[in-house]
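Below is structure_34.cif, which holds mmCIF, C-alpha atoms.
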data_input
loop_
_atom_site.label_atom_id
_atom_site.label_comp_id
_atom_site.auth_asym_id
_atom_site.auth_seq_id
_atom_site.Cartn_x
_atom_site.Cartn_y
_atom_site.Cartn_z
CA MET H 294 7.34 69.29 17.66
CA PRO H 295 9.40 66.54 15.99
CA THR H 296 11.86 64.66 18.17
CA ALA H 297 15.59 64.29 17.48
CA THR H 298 15.06 60.58 16.71
CA ALA H 299 12.43 61.34 14.10
CA GLN H 300 14.74 63.93 12.50
CA LEU H 301 17.76 61.56 12.34
CA PRO H 302 17.28 60.35 8.71
CA PHE H 303 16.92 63.98 7.56
CA VAL H 304 20.05 65.00 9.48
CA ILE H 305 22.00 62.12 7.86
CA LEU H 306 20.64 63.02 4.45
CA ASP H 307 21.59 66.66 4.98
CA ARG H 308 25.14 65.69 5.99
CA LEU H 309 25.56 63.25 3.11
CA ARG H 310 24.04 65.48 0.47
CA PRO H 311 26.86 66.32 -1.95
CA GLY H 312 26.30 69.70 -3.43
CA GLY H 313 22.58 69.82 -2.60
CA ASP H 314 21.59 66.63 -4.54
CA PRO H 315 19.00 64.73 -2.43
CA GLY H 316 18.99 61.73 -4.83
CA ALA H 317 22.73 61.17 -4.40
CA ALA H 318 22.37 61.49 -0.61
CA ALA H 319 19.65 58.80 -0.59
CA GLU H 320 21.85 56.46 -2.67
CA ARG H 321 24.74 57.01 -0.25
CA LEU H 322 22.46 56.26 2.71
CA VAL H 323 21.27 53.01 1.09
CA ALA H 324 24.89 52.01 0.42
CA LEU H 325 25.82 52.64 4.06
CA ALA H 326 22.81 50.63 5.24
CA ARG H 327 23.82 47.71 3.04
CA ALA H 328 27.38 47.89 4.34
CA GLY H 329 26.03 47.67 7.90
CA ARG H 330 27.45 50.99 8.98
CA LEU H 331 24.16 52.48 10.19
CA GLY H 332 23.90 50.30 13.31
CA PRO H 333 23.84 46.66 14.33
CA SER H 334 21.88 44.27 12.12
CA PRO H 335 18.74 42.89 13.74
CA ALA H 336 18.80 39.39 15.20
CA PRO H 337 17.60 36.75 12.68
CA THR H 338 14.00 35.64 13.03
CA PRO H 339 13.20 31.91 13.23
CA TYR H 340 11.90 32.09 9.65
CA ARG H 341 15.15 33.67 8.40
CA ALA H 342 17.23 31.09 10.30
CA ALA H 343 15.24 28.20 8.77
CA GLN H 344 15.48 29.76 5.32
CA ALA H 345 19.26 30.08 5.66
CA ALA H 346 19.55 26.45 6.81
CA PHE H 347 17.48 25.17 3.89
CA GLU H 348 19.46 27.26 1.40
CA ALA H 349 22.72 25.83 2.79
CA ARG H 350 21.30 22.29 2.54
CA GLU H 351 20.18 22.90 -1.05
CA ARG H 352 23.67 24.12 -2.00
CA ARG H 353 25.22 21.02 -0.39
CA LEU H 354 22.83 18.64 -2.20
CA GLN H 355 23.51 20.35 -5.53
CA ALA H 356 27.25 19.94 -4.97
CA GLU H 357 26.80 16.25 -4.07
CA ASP H 358 24.64 15.71 -7.16
CA ALA H 359 27.26 17.37 -9.36
CA LEU H 360 29.91 15.00 -7.93
CA ALA H 361 27.76 11.84 -8.11
CA ALA H 362 26.34 12.26 -11.63
CA PRO H 363 29.60 11.48 -13.52
CA LEU H 364 30.27 8.49 -11.24
CA LEU H 365 26.81 7.03 -11.84
CA ASP H 366 27.14 7.54 -15.59
CA ALA H 367 30.49 5.73 -15.56
CA VAL H 368 29.06 2.80 -13.58
CA ARG H 369 26.02 2.50 -15.85
CA GLY H 370 28.27 2.56 -18.92
CA ALA H 371 30.47 -0.23 -17.53
CA LEU H 372 27.58 -2.61 -16.77
CA PRO H 373 26.52 -4.98 -19.57
CA ALA H 374 22.98 -4.65 -20.85
CA PRO H 375 20.68 -7.30 -19.34
CA ALA H 376 20.06 -10.19 -21.68
CA PRO H 377 16.45 -10.48 -22.79
CA ALA H 378 14.55 -13.39 -21.29
CA VAL H 379 14.22 -16.14 -23.90
CA VAL H 380 11.40 -18.63 -23.61
CA GLU H 381 11.54 -21.64 -25.92
CA GLN H 382 8.31 -22.28 -27.79
CA HIS H 383 7.37 -25.62 -29.34
CA THR H 384 4.34 -26.89 -31.23
CA VAL H 385 3.22 -30.45 -30.49
CA PRO H 386 0.77 -31.94 -33.04
CA ALA H 387 -1.80 -34.52 -31.88
CA ARG H 388 -4.95 -36.29 -33.08
CA GLY H 389 -7.91 -37.19 -30.90
CA ARG H 390 -11.58 -38.05 -30.93
CA SER H 391 -14.32 -36.01 -29.32
CA GLY H 392 -15.58 -37.70 -26.15
CA ALA H 393 -12.30 -39.50 -25.52
CA ALA H 394 -8.87 -38.70 -24.16
CA VAL H 395 -5.97 -37.57 -26.31
CA ALA H 396 -2.42 -38.36 -25.25
CA VAL H 397 0.83 -36.76 -26.42
CA ARG H 398 4.45 -37.13 -25.36
CA PHE H 399 7.16 -34.50 -25.28
CA ILE H 400 10.70 -34.24 -23.93
CA VAL H 401 11.82 -31.73 -21.28
CA GLU H 402 15.57 -31.10 -20.91
CA ASN H 403 17.38 -29.17 -18.19
CA ALA H 404 20.08 -27.07 -19.92
CA ARG H 405 20.85 -25.17 -16.72
CA GLN H 406 23.83 -25.62 -14.39
CA SER H 407 21.73 -26.66 -11.39
CA THR H 408 19.01 -29.19 -10.61
CA VAL H 409 15.48 -27.94 -11.26
CA VAL H 410 11.98 -29.08 -10.35
CA VAL H 411 9.71 -29.02 -13.39
CA ARG H 412 6.03 -28.12 -13.13
CA PHE H 413 3.39 -27.84 -15.84
CA ARG H 414 0.70 -25.15 -16.02
CA PRO H 415 -2.00 -25.77 -18.65
CA GLY H 416 -3.94 -22.82 -20.00
CA GLU H 417 -7.39 -22.39 -21.49
CA ALA H 418 -7.88 -24.21 -24.79
CA THR H 419 -9.11 -22.33 -27.86
CA THR H 420 -10.83 -23.47 -31.04
CA GLU H 421 -10.07 -22.30 -34.58
CA ALA H 422 -12.90 -19.79 -34.19
CA GLY H 423 -11.26 -18.36 -31.03
CA GLU H 424 -13.82 -19.90 -28.65
CA ALA H 425 -12.35 -20.59 -25.20
CA LEU H 426 -12.87 -24.11 -23.80
CA TRP H 427 -11.64 -25.92 -20.74
CA ALA H 428 -10.34 -29.48 -21.09
CA PRO H 429 -8.97 -31.32 -18.03
CA VAL H 430 -5.25 -32.04 -18.54
CA GLY H 431 -2.89 -34.33 -16.61
CA PHE H 432 0.88 -34.93 -16.77
CA ALA H 433 3.04 -37.96 -15.89
CA PRO H 434 5.41 -37.45 -14.20
CA ALA H 435 3.68 -34.41 -12.72
CA ARG H 436 6.73 -32.79 -11.06
CA PRO H 437 9.98 -34.31 -12.32
CA SER H 438 13.30 -33.22 -10.82
CA LEU H 439 16.05 -32.89 -13.44
CA ALA H 440 19.80 -32.67 -12.83
CA PRO H 441 21.92 -30.47 -15.14
CA GLY H 442 21.80 -31.92 -18.67
CA GLU H 443 19.14 -34.49 -17.73
CA ARG H 444 16.03 -35.00 -19.86
CA CYS H 445 12.78 -36.82 -19.37
CA THR H 446 9.77 -37.84 -21.47
CA VAL H 447 6.48 -36.45 -20.22
CA ALA H 448 3.07 -37.87 -21.15
CA MET H 449 0.23 -35.36 -21.31
CA GLU H 450 -3.40 -36.48 -21.44
CA ALA H 451 -6.34 -34.18 -22.22
CA ASP H 452 -9.95 -35.27 -21.67
CA LEU H 453 -12.05 -34.25 -24.68
CA ARG H 454 -15.43 -35.31 -23.31
CA GLY H 455 -17.96 -32.74 -24.45
CA VAL H 456 -15.30 -30.85 -26.42
CA LEU H 457 -15.86 -30.25 -30.16
CA PRO H 458 -18.43 -33.05 -30.76
CA GLU H 459 -18.51 -32.15 -34.47
CA GLY H 460 -14.71 -32.15 -34.74
CA GLY H 461 -12.26 -29.34 -35.48
CA ARG H 462 -8.93 -28.05 -34.23
CA LEU H 463 -8.13 -27.34 -30.61
CA GLU H 464 -5.04 -25.59 -29.25
CA LEU H 465 -3.91 -26.31 -25.68
CA PRO H 466 -1.21 -23.99 -24.27
CA VAL H 467 1.10 -25.42 -21.60
CA ASP H 468 3.69 -23.48 -19.59
CA VAL H 469 6.74 -25.50 -18.52
CA LEU H 470 8.15 -24.02 -15.31
CA PHE H 471 11.67 -24.61 -13.96
CA ASP H 472 11.66 -23.88 -10.21
CA GLY H 473 8.53 -21.78 -10.70
CA VAL H 474 9.97 -19.69 -13.57
CA LEU H 475 8.62 -19.97 -17.12
CA ALA H 476 11.21 -21.88 -19.21
CA GLN H 477 9.24 -23.26 -22.17
CA LYS H 478 5.89 -22.72 -23.85
CA LEU H 479 4.17 -25.64 -25.54
CA TRP H 480 1.31 -25.31 -28.00
CA VAL H 481 -0.44 -28.68 -28.27
CA ARG H 482 -2.50 -28.56 -31.49
CA VAL H 483 -5.09 -31.32 -31.49
CA GLN H 484 -7.04 -32.29 -34.60
CA VAL H 485 -10.30 -33.50 -33.05
CA GLU H 486 -12.33 -36.06 -35.02
CA PRO H 487 -16.10 -36.11 -34.48
CA ALA H 488 -17.52 -38.74 -32.14
CA PRO H 489 -18.77 -41.87 -33.99
#
Please express what this file holds, its structure, as structure tokens.
Amino acid sequence: MPTATAQLPFVILDRLRPGGDPGAAAERLVALARAGRLGPSPAPTPYRAAQAAFEARERRLQAEDALAAPLLDAVRGALPAPAPAVVEQHTVPARGRSGAAVAVRFIVENARQSTVVVRFRPGEATTEAGEALWAPVGFAPARPSLAPGERCTVAMEADLRGVLPEGGRLELPVDVLFDGVLAQKLWVRVQVEPAP
């Protein structure tokens, strides 16, 4: 025999049924349940509590993002675009003989507002055919210190022993560094005469 508790939903449906329509009674029961009038709501589970906390945090972050976006756009629009880094490039012609040393001179000038220490970084030499060669290179002075507006003459010497014995053109790249930062690029183009 069914208990009174088991019959409760049917009793409520019977009382709410307007004019014998069970569908309308069910809708009314659902509406009452949603309104919380069918009894106390159950205590939230840990999962539901965490879900509610994360949803509240998400709403707060969305609101902060909506406030911050126009401010960031305004700041970005007010900042000047960074100037592109400009590296001066110079070609230095030279003539040498295979099996000997070739010497060239060039001028380095400090156009900056502070004193700089200049350093030279030679690269791998290449022939007209694109063949990579290594020629020992030295500089004098090797590490000059230049005040603002000061200039100095630098002598570069490349040892061509064993390099292009039949002659040809050799290109020696040299990076000129101001306080460790690339400031100039030199391309020393040597016309190498064959050894006698």
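Those residues that approach Gly455 in chain H to within 9 Å, counting all atoms listed in the file, are Ser391, Gly392, Ala393 and Ala428 of chain H; same-chain residues fewer than 6 positions away are not listed.
When the distance limit is 7 Å and only C-alpha atoms are what count, the residues near Gln382 in chain H, minus those fewer than 6 positions from it on the same chain, are H:Gln477, H:Lys478, H:Leu479.
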With C-alpha atoms retained, export the selected residues as a tab-separated table (two decimals), in the coordinates of the input.
chain	number	residue	atom	x	y	z
H	477	GLN	CA	9.24	-23.26	-22.17
H	478	LYS	CA	5.89	-22.72	-23.85
H	479	LEU	CA	4.17	-25.64	-25.54
As a check of understanding, name the residues that the PyMOL selection byres ((chain H and resi 402-408) around 8) selects in the supplied structure, as a list of chain:residue names. H:Ile400, H:Val401, H:Val409, H:Val410, H:Ser438, H:Leu439, H:Ala440, H:Pro441, H:Gly442, H:Glu443, H:Arg444, H:Cys445
Which residues, written as a PDB file with C-alpha atoms, keeping the file's coordinate frame, have at least one atom at most 7 Å from Val395 in chain H, with only C-alpha atoms counted and residues fewer than 2 positions away on the same chain left out?
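To be explicit, this is the file written out as part14.pdb:
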ATOM      1  CA  ARG H 388      -4.950 -36.290 -33.080  1.00  0.00           C
ATOM      2  CA  GLY H 389      -7.910 -37.190 -30.900  1.00  0.00           C
ATOM      3  CA  ALA H 393     -12.300 -39.500 -25.520  1.00  0.00           C
ATOM      4  CA  VAL H 397       0.830 -36.760 -26.420  1.00  0.00           C
ATOM      5  CA  GLU H 450      -3.400 -36.480 -21.440  1.00  0.00           C
ATOM      6  CA  ALA H 451      -6.340 -34.180 -22.220  1.00  0.00           C
ATOM      7  CA  ASP H 452      -9.950 -35.270 -21.670  1.00  0.00           C
TER       8      ASP H 452
END
Which residues, named as in the file, does the PyMOL selection byres ((chain H and resi 457) around 10) pick out? Answer as a VMD selection string. chain H and resid 390 to 392 420 426 453 to 456 458 to 463 485 to 488
Given the PyMOL selection byres ((chain H and resi 419) around 10) and the file above, list the residues it selects as an MDAnalysis selection string. chainID H and resid 416:418 420:428 462:466 482
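Neighbours of Phe399 in chain H closer than or equal to 8 Å, with all atoms listed in the file counted and sequence neighbours fewer than 4 positions away skipped, come out as Val385, Thr446, Val447 and Ala448 of chain H.
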Keeping only C-alpha atoms, write the selected residues to a file as a PDB file, in the frame of the given file.
ATOM      1  CA  VAL H 385       3.220 -30.450 -30.490  1.00  0.00           C
ATOM      2  CA  THR H 446       9.770 -37.840 -21.470  1.00  0.00           C
ATOM      3  CA  VAL H 447       6.480 -36.450 -20.220  1.00  0.00           C
ATOM      4  CA  ALA H 448       3.070 -37.870 -21.150  1.00  0.00           C
TER       5      ALA H 448
END
Distance cut-off 6 Å, centre (-0.6, -35.0, -18.9) in file coordinates, counting only C-alpha atoms: which residues qualify? Return them as an NGL selection string. :H and (430-433 or 448-450)
Between H:Val380, H:Pro429, H:Pro489, H:Gln355, smallest distance to Asp468 in chain H by all atoms listed in the file belongs to H:Val380
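We find CA of Arg436 in chain H and CA of Pro415 in chain H to be spaced 13.5 Å apart.
Here CA of Gln484 in chain H and CA of Thr384 in chain H stand 13.0 Å from one another.
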Which value, in Å to one decimal, gives the distance between CA of Phe413 in chain H and CA of Val469 in chain H? 4.9 Å
